[in-house]
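A.B. asks: Input: one structure, supplied below.
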Amino acid sequence: MRYMLIMRATRHSEAGIPPRAESIEAMNAYHAELEKAGVLLAAERLLPSSNGIRIAYPNAGGSPAFASGPIDQVNELAAGYTVIDVTSEEEALAWAKRAPDPNGYGEGVIDLHRMLDE
Amino acid sequence: MTESASRLAIEAVWRIESAKLIAGLTRMVRDVGLAEDLAQDALVIALEKWPVTGIPDKPGAWLMTAAKRRALDLLRRDKLRDRKYEEVGRSAELYTEDELNGEASGEIGDDLLRLIFMTCHPILSREGRVALTLRLLGGLTTDEIARAFIVPEPTIAQRIVRAKRTLREARAAFEETPAGPELKERLEAVLEVIYLMFNEGYAATSGENWTRPLLCQEALRLGRILAEVAPLEPEAHGLAALMEFQASRLKTRVGPAGEPILLADQNRSLWDRLLIRRGLAALERARSLGRPLGPYALQAAIAACHAEAPSSEETNWMRIAALYEALSRVMPSPIVELNRAVAIGMAFGPAFALELVEQLESEPALQDYHLLPSVKGDFLYKLGRIEEAGAAFEAAAAMARNEQERDLLLRRAAACRSAE
């Protein structure tokens, strides 16, 4: 079963401030460990929302409304994700809880989601 | 009407109608120089007749009819058999009066857009583009353009003549509006000319007048027209928004003695609210077109944060830092990085910002730029590193070109010394 860890955007990540050096090292080590255990499927970082757009469908069946970034609701944005393939929920939880603080400024948030099986 | 009053009235009509007139005529005769001559001939006729008859109800249509008659006269007299001029005859009834008085949309909008693309053609020199655009789209005289740029009139006249000749020799036809990747490139050239014009007026560092409002007004007007005729181009709205915001601060950026006043020290109650609202509306249009913001829209969005803030402290520096982050990707430059550092310093404290500034110190382009040590001094001061701050302010003062700025920096350096 596959799980996704979503690293939420922070005020720092949105302003393009890189994570603290310790955080970068810890995250690299974490991903290396996932890789070595054979569970890592993907790990990507995203540019801040100022480089993208938001597409909203405010009216069912209607045309979408576009809004270029940056998006003000920083905490609802993603800054990166990691996809792992594990054999049980316990294993996913164990891996997820070992993930380090993504940027080291006291704002880090990670959401763990189980991915829908096709 | 007295003679001078009617002359002023006719000049006003000319300023409103000339671009549309030249654009329409260029489509017919396919030669921008000839189109301008025909339009000028129509103006001469108007100057003779209107003081007697009064200004007609639809002056634009009147001028167009006069210009076309003049074209047909030329055709008959010179027995021009050149096929391209035959079009004049065929299209003589092309414009109805309603069309000429309509908004800058539809066919007239297309004509104007094509004319802007032509006067900002990449085969022309930058100076040539600016002069020709002011002449043909702004309806300014060579004398007015020369005074705005503080250069002799013959220089401007020569630039215009040369630009027209280049267009003619290159047979730069009054082409269809470019599309696809070419449109993006050509639009960039147009936006650049308009912004160059605006900046020339806005940030004039030489000459007796610190700001030269005519160029700003003209650029703003062209920017609005461009946004109107190219409504699906986010950067056209972005540039219009940027100029609206900057123009809203036009009156507050110079002190009584002609000294520049920094954004943080400007009297915000004097900012022009109407222009700010227009800027916000234009920016909203740029944001709603479904593309990440480009360089002009990003700069406009930054200006919007300042425009909406009651004071420098209460500014949404976090958002400004985020906008600079994107700007540093689409328009990378050491100056953008330095501004980004300032925004980050305001949003997240001086420690981060100092790191960024120190990285920029090796940047060759910033070696003589006094704002780099000045900004660094500011962050050092806020971090309590007073001695280092004093040294940075002194270094900045040695580089400052402007006397007032130098004095200010020396005062800050002295304050650091006495605080040690």
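As shown in the structure tokens, the chain order sets the letters A, B, ...; within each chain, residues go from 1, and ligands are also counted from 1 in the order they appear.
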Can you tell me, as number ranges by chain, which residues in region 288-416 of chain B count as helix (DSSP H, G or I) by DSSP?
C.D. replies: B: 295-308, 317-330, 334-348, 350-360, 364-366, 371-382, 386-399, 403-416
A.B. asks: Could you write out as a ChimeraX atom specification the residues of chain B within 10 Å of chain A, counting only C-alpha atoms?
C.D. replies: /B:284-294,297-298,301,317-330,340,343-344,347-348,352-353,356
A.B. asks: Pick out the residues sitting within 12 Å of Ala94 (chain A), and hand them over as a list of chain:residue names; count only C-alpha atoms, and ignore anything fewer than 6 positions along from it in its own chain.
C.D. replies: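 Here the qualifying residues turn out to be A:Tyr3, A:Leu34, A:Ile84, A:Val86, A:Thr87, A:Ser88, A:Leu112.
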A.B. asks: Find the distance between CA of His237 (chain B) and CA of Ala9 (chain A) and write it in Å to one decimal.
C.D. replies: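 Interatomic distance, CA of His237 (chain B) to CA of Ala9 (chain A): 28.8 Å.
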A.B. asks: Show me, as a list of chain:residue names, the residues that have an atom within 9 Å of Phe393 (chain B) when counting only C-alpha atoms, minus same-chain residues fewer than 6 positions from it.
C.D. replies: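 What passes the distance filter is B:His370, B:Pro373, B:Ser374, B:Val375, B:Lys376, B:Gly377, B:Asp378, B:Leu409, B:Leu410, B:Arg411, B:Arg412, B:Ala413, B:Ala414, B:Cys416.
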A.B. asks: Write out as a PyMOL selection string the residues lying within 8 Å of region 18-27 of chain B, counting only C-alpha atoms and excluding same-chain residues fewer than 4 positions away.
C.D. replies: chain B and resi 14+31-32+34-36+38-39+60+63-64+100+108+111-112+114-115+136-139+174
A.B. asks: Set the distance at 9 Å and use only C-alpha atoms: which residues neighbour Leu338 (chain B) once local chain neighbours fewer than 4 positions away are removed? I'd like the list as a PDB file with all heavy atoms, in the first residue's frame.
C.D. replies:
```pdb
ATOM      1  N   SER B 333      18.254  39.119 -11.097  1.00  0.00           N
ATOM      2  CA  SER B 333      19.235  40.202 -11.112  1.00  0.00           C
ATOM      3  C   SER B 333      19.697  40.449  -9.682  1.00  0.00           C
ATOM      4  O   SER B 333      18.948  40.204  -8.736  1.00  0.00           O
ATOM      5  CB  SER B 333      18.634  41.477 -11.704  1.00  0.00           C
ATOM      6  OG  SER B 333      18.150  42.325 -10.688  1.00  0.00           O
ATOM      7  N   PRO B 334      20.924  40.921  -9.516  1.00  0.00           N
ATOM      8  CA  PRO B 334      21.427  41.193  -8.161  1.00  0.00           C
ATOM      9  C   PRO B 334      20.584  42.236  -7.423  1.00  0.00           C
ATOM     10  O   PRO B 334      20.431  42.159  -6.206  1.00  0.00           O
ATOM     11  CB  PRO B 334      22.841  41.723  -8.406  1.00  0.00           C
ATOM     12  CG  PRO B 334      23.201  41.330  -9.784  1.00  0.00           C
ATOM     13  CD  PRO B 334      21.931  41.178 -10.550  1.00  0.00           C
ATOM     14  N   VAL B 342      15.939  42.697   1.597  1.00  0.00           N
ATOM     15  CA  VAL B 342      15.306  43.730   2.432  1.00  0.00           C
ATOM     16  C   VAL B 342      13.930  43.244   2.902  1.00  0.00           C
ATOM     17  O   VAL B 342      13.588  43.347   4.087  1.00  0.00           O
ATOM     18  CB  VAL B 342      15.172  45.059   1.657  1.00  0.00           C
ATOM     19  CG1 VAL B 342      14.340  46.060   2.445  1.00  0.00           C
ATOM     20  CG2 VAL B 342      16.554  45.629   1.362  1.00  0.00           C
ATOM     21  N   ALA B 343      13.147  42.687   1.968  1.00  0.00           N
ATOM     22  CA  ALA B 343      11.808  42.215   2.332  1.00  0.00           C
ATOM     23  C   ALA B 343      11.894  41.089   3.358  1.00  0.00           C
ATOM     24  O   ALA B 343      11.115  41.046   4.325  1.00  0.00           O
ATOM     25  CB  ALA B 343      11.062  41.742   1.074  1.00  0.00           C
ATOM     26  N   LEU B 356      21.792  36.718   3.207  1.00  0.00           N
ATOM     27  CA  LEU B 356      21.563  36.934   1.777  1.00  0.00           C
ATOM     28  C   LEU B 356      22.426  38.076   1.253  1.00  0.00           C
ATOM     29  O   LEU B 356      23.004  37.996   0.177  1.00  0.00           O
ATOM     30  CB  LEU B 356      20.086  37.260   1.521  1.00  0.00           C
ATOM     31  CG  LEU B 356      19.100  36.115   1.651  1.00  0.00           C
ATOM     32  CD1 LEU B 356      17.681  36.627   1.490  1.00  0.00           C
ATOM     33  CD2 LEU B 356      19.390  35.069   0.587  1.00  0.00           C
ATOM     34  N   VAL B 357      22.514  39.150   2.048  1.00  0.00           N
ATOM     35  CA  VAL B 357      23.292  40.311   1.613  1.00  0.00           C
ATOM     36  C   VAL B 357      24.766  39.946   1.503  1.00  0.00           C
ATOM     37  O   VAL B 357      25.448  40.342   0.555  1.00  0.00           O
ATOM     38  CB  VAL B 357      23.089  41.494   2.586  1.00  0.00           C
ATOM     39  CG1 VAL B 357      24.068  42.613   2.272  1.00  0.00           C
ATOM     40  CG2 VAL B 357      21.670  42.007   2.501  1.00  0.00           C
ATOM     41  N   LEU B 360      25.654  38.383  -1.586  1.00  0.00           N
ATOM     42  CA  LEU B 360      25.645  39.286  -2.743  1.00  0.00           C
ATOM     43  C   LEU B 360      26.911  40.131  -2.839  1.00  0.00           C
ATOM     44  O   LEU B 360      27.156  40.773  -3.854  1.00  0.00           O
ATOM     45  CB  LEU B 360      24.429  40.226  -2.669  1.00  0.00           C
ATOM     46  CG  LEU B 360      23.071  39.580  -2.922  1.00  0.00           C
ATOM     47  CD1 LEU B 360      21.958  40.565  -2.607  1.00  0.00           C
ATOM     48  CD2 LEU B 360      22.973  39.134  -4.380  1.00  0.00           C
ATOM     49  N   LEU B 371      23.703  51.006  -2.081  1.00  0.00           N
ATOM     50  CA  LEU B 371      22.610  50.439  -1.278  1.00  0.00           C
ATOM     51  C   LEU B 371      22.976  49.095  -0.663  1.00  0.00           C
ATOM     52  O   LEU B 371      22.406  48.702   0.354  1.00  0.00           O
ATOM     53  CB  LEU B 371      21.333  50.306  -2.118  1.00  0.00           C
ATOM     54  CG  LEU B 371      20.589  51.625  -2.374  1.00  0.00           C
ATOM     55  CD1 LEU B 371      19.332  51.368  -3.182  1.00  0.00           C
ATOM     56  CD2 LEU B 371      20.249  52.338  -1.067  1.00  0.00           C
ATOM     57  N   LEU B 372      23.959  48.397  -1.259  1.00  0.00           N
ATOM     58  CA  LEU B 372      24.346  47.107  -0.678  1.00  0.00           C
ATOM     59  C   LEU B 372      24.959  47.282   0.721  1.00  0.00           C
ATOM     60  O   LEU B 372      24.417  46.740   1.691  1.00  0.00           O
ATOM     61  CB  LEU B 372      25.284  46.347  -1.633  1.00  0.00           C
ATOM     62  CG  LEU B 372      25.758  44.986  -1.128  1.00  0.00           C
ATOM     63  CD1 LEU B 372      24.635  43.976  -1.082  1.00  0.00           C
ATOM     64  CD2 LEU B 372      26.877  44.433  -2.001  1.00  0.00           C
ATOM     65  N   VAL B 375      22.230  48.718   3.131  1.00  0.00           N
ATOM     66  CA  VAL B 375      21.289  47.713   3.624  1.00  0.00           C
ATOM     67  C   VAL B 375      21.968  46.799   4.645  1.00  0.00           C
ATOM     68  O   VAL B 375      21.409  46.485   5.703  1.00  0.00           O
ATOM     69  CB  VAL B 375      20.744  46.884   2.427  1.00  0.00           C
ATOM     70  CG1 VAL B 375      20.095  45.598   2.891  1.00  0.00           C
ATOM     71  CG2 VAL B 375      19.759  47.717   1.620  1.00  0.00           C
TER      72      VAL B 375
END
```
A.B. asks: Nearest residue to Ala42 (chain A) out of A:Glu107, A:Met1, A:Gly80, A:Pro102, using only C-alpha atoms?
C.D. replies: A:Gly80
A.B. asks: Determine the nearest neighbour of Asp111 (chain A) from the options A:Glu33, A:Glu90, A:Met7, A:Arg2, counting only C-alpha atoms.
C.D. replies: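 Of A:Glu33, A:Glu90, A:Met7, A:Arg2, the one nearest Asp111 (chain A), counting only C-alpha atoms, is A:Met7.
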A.B. asks: Distance CA of Ile156 (chain B)-CA of Arg171 (chain B), one decimal place?
C.D. replies: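 According to the coordinates, CA of Ile156 (chain B) and CA of Arg171 (chain B) are separated by 22.5 Å.
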